[in-house]
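This report refers to the structure that appears directly beneath it.
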Amino acid sequence: MRYYEDVEVGSMATFGAYDVTAAEIKEFAEKYDPQPFHTDEEAAADSVFGELVASGWHTMAMCMRLLTEDPDPLAALAGVGADNIRWREPVAPGDRLHLHTEIIDKRPSSEHDDRGYVTTHFEGLNQEDDVVVSYEATALVKRRSYE
């Protein structure tokens with residue numbers, strides 16, 4: 001577990017493996033983003049994508065899942081925001097995603113001595129190391145000295 005004091009701006013990590021399936025793409029889309037290129041292979045074949053693709057929000061959820069499997073996680077109390085979300089490449093059945101992170105900022109809380117804010121740049125990549133999504137997220141992180 002990494003506490004606020006352990007975090008160094010500029011530190012990077014790459015980890016995870018998430019296998020994307022057609023069934024999961026359709027299940028997520030039918031519930032949360034029911035557009036034809038997410039729910040139906042035939043309709044998707046005639047779309048701008050030319051094949052079934054995951055919803056961008058599903059891609060974000062898969063990245064969140066990968067983050068929860070970080071072998072050296074932050075002692076996060078809560079997420080406080082995400083910025084600059086960019087879906088760069090479609091995610092299709094058979095893709096295998098992994099996550100690359102870089103700490104880009106940290107600052108102590110001005111109101112609570114037991115925590116600080118850590119901002120991380122995230123890139124979700126496929127098996128070809130193509131960036132499929134990028135974003136920055138800020139987390140509220142515990143300080144070790146208050147554990």
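Residues are named by chain letter and number: chains run A, B, ... in the order of the structure tokens, numbers start at 1 in each chain, and ligands are numbered from 1 in the order shown.
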- What are the DSSP strand (DSSP E or B) residues of chain A, as a PyMOL selection string? chain A and resi 2+12-19+74+76-87+96-108+115-125+131-142
Can you build me a table of segment 39-95 of chain A residues sitting at most 10 Å from segment 114-126 of chain A, with the closest atom pair per residue and its distance in Å to one decimal, using only C-alpha atoms, sorted by chain and residue number, as JSON lines?
{"residue": "A:Thr59", "atom": "CA", "partner": "A:Gly124", "partner_atom": "CA", "distance": 8.3}
{"residue": "A:Met60", "atom": "CA", "partner": "A:Gly124", "partner_atom": "CA", "distance": 8.4}
{"residue": "A:Met62", "atom": "CA", "partner": "A:Gly124", "partner_atom": "CA", "distance": 8.9}
{"residue": "A:Cys63", "atom": "CA", "partner": "A:Gly124", "partner_atom": "CA", "distance": 6.4}
{"residue": "A:Met64", "atom": "CA", "partner": "A:Gly124", "partner_atom": "CA", "distance": 9.8}
{"residue": "A:Leu66", "atom": "CA", "partner": "A:Gly124", "partner_atom": "CA", "distance": 9.2}
{"residue": "A:Leu67", "atom": "CA", "partner": "A:Phe122", "partner_atom": "CA", "distance": 9.6}
{"residue": "A:Leu74", "atom": "CA", "partner": "A:Val118", "partner_atom": "CA", "distance": 9.2}
{"residue": "A:Ala75", "atom": "CA", "partner": "A:Arg115", "partner_atom": "CA", "distance": 9.7}
{"residue": "A:Ala76", "atom": "CA", "partner": "A:Val118", "partner_atom": "CA", "distance": 9.1}
{"residue": "A:Leu77", "atom": "CA", "partner": "A:Arg115", "partner_atom": "CA", "distance": 8.5}
{"residue": "A:Ala78", "atom": "CA", "partner": "A:Tyr117", "partner_atom": "CA", "distance": 9.9}
{"residue": "A:Gly79", "atom": "CA", "partner": "A:Tyr117", "partner_atom": "CA", "distance": 9.4}
{"residue": "A:Val80", "atom": "CA", "partner": "A:Tyr117", "partner_atom": "CA", "distance": 8.8}
{"residue": "A:Gly81", "atom": "CA", "partner": "A:Thr119", "partner_atom": "CA", "distance": 9.2}
{"residue": "A:Ala82", "atom": "CA", "partner": "A:Thr119", "partner_atom": "CA", "distance": 9.1}
{"residue": "A:Asp83", "atom": "CA", "partner": "A:His121", "partner_atom": "CA", "distance": 9.4}
{"residue": "A:Asn84", "atom": "CA", "partner": "A:His121", "partner_atom": "CA", "distance": 9.5}
{"residue": "A:Ile85", "atom": "CA", "partner": "A:Phe122", "partner_atom": "CA", "distance": 9.5}
{"residue": "A:Arg86", "atom": "CA", "partner": "A:Glu123", "partner_atom": "CA", "distance": 9.6}
{"residue": "A:Trp87", "atom": "CA", "partner": "A:Gly124", "partner_atom": "CA", "distance": 9.5}
{"residue": "A:Arg88", "atom": "CA", "partner": "A:Gly124", "partner_atom": "CA", "distance": 9.6}
{"residue": "A:Glu89", "atom": "CA", "partner": "A:Asn126", "partner_atom": "CA", "distance": 9.2}
{"residue": "A:Pro90", "atom": "CA", "partner": "A:Asn126", "partner_atom": "CA", "distance": 9.8}
{"residue": "A:Val91", "atom": "CA", "partner": "A:Asn126", "partner_atom": "CA", "distance": 7.9}
{"residue": "A:Ala92", "atom": "CA", "partner": "A:Asn126", "partner_atom": "CA", "distance": 9.7}
{"residue": "A:Gly94", "atom": "CA", "partner": "A:Asn126", "partner_atom": "CA", "distance": 9.8}
{"residue": "A:Asp95", "atom": "CA", "partner": "A:Asn126", "partner_atom": "CA", "distance": 6.1}
Using only C-alpha atoms, please write the residues we just selected to a file, as a compact mmCIF listing (two decimals), in the first residue's frame.
# COMPACT_ATOMS: atom_id res chain seq x y z
CA THR A 59 -13.62 0.95 -21.51
CA MET A 60 -13.34 3.31 -18.52
CA MET A 62 -12.43 -1.95 -17.51
CA CYS A 63 -9.59 0.45 -16.69
CA MET A 64 -11.06 0.97 -13.22
CA LEU A 66 -7.41 -2.92 -13.76
CA LEU A 67 -6.64 -0.12 -11.29
CA LEU A 74 -2.61 3.88 -3.36
CA ALA A 75 -4.23 4.17 0.06
CA ALA A 76 -7.11 5.96 -1.63
CA LEU A 77 -10.01 7.22 0.41
CA ALA A 78 -12.07 8.33 -2.60
CA GLY A 79 -11.86 9.48 -6.16
CA VAL A 80 -12.57 13.18 -6.52
CA GLY A 81 -12.55 13.73 -10.26
CA ALA A 82 -11.52 12.72 -13.75
CA ASP A 83 -10.47 15.10 -16.50
CA ASN A 84 -9.39 15.07 -20.12
CA ILE A 85 -11.00 11.74 -21.00
CA ARG A 86 -10.14 10.81 -24.58
CA TRP A 87 -11.25 7.63 -26.31
CA ARG A 88 -8.43 7.23 -28.80
CA GLU A 89 -9.04 3.84 -30.41
CA PRO A 90 -12.02 1.47 -30.38
CA VAL A 91 -11.92 -1.56 -28.11
CA ALA A 92 -13.14 -4.78 -29.75
CA GLY A 94 -10.41 -10.20 -28.39
CA ASP A 95 -8.51 -7.14 -27.22
- Message: So, with only C-alpha atoms as the atoms that count, which of A:Thr101, A:Ser55, A:Ser47, A:Ser109 lies closest to Ala137 of chain A?
- Response: A:Thr101
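Near segment 41-46 of chain A, within 12 Å and counting only C-alpha atoms, sit A:Ala22, A:Ala23, A:Ile25, A:Lys26, A:Gln35, A:Pro36, A:Phe37, A:His38, A:Phe49, A:Gly50, A:Glu51, A:Leu52, A:Val53, A:Ala54, A:Ala92, A:Pro93, not including residues fewer than 3 positions from it in the same chain.
The shortest atom-to-atom distance to Lys31 of chain A, with only C-alpha atoms taken into account, belongs to A:Trp57 out of A:Lys106, A:His98, A:Val141, A:Trp57.
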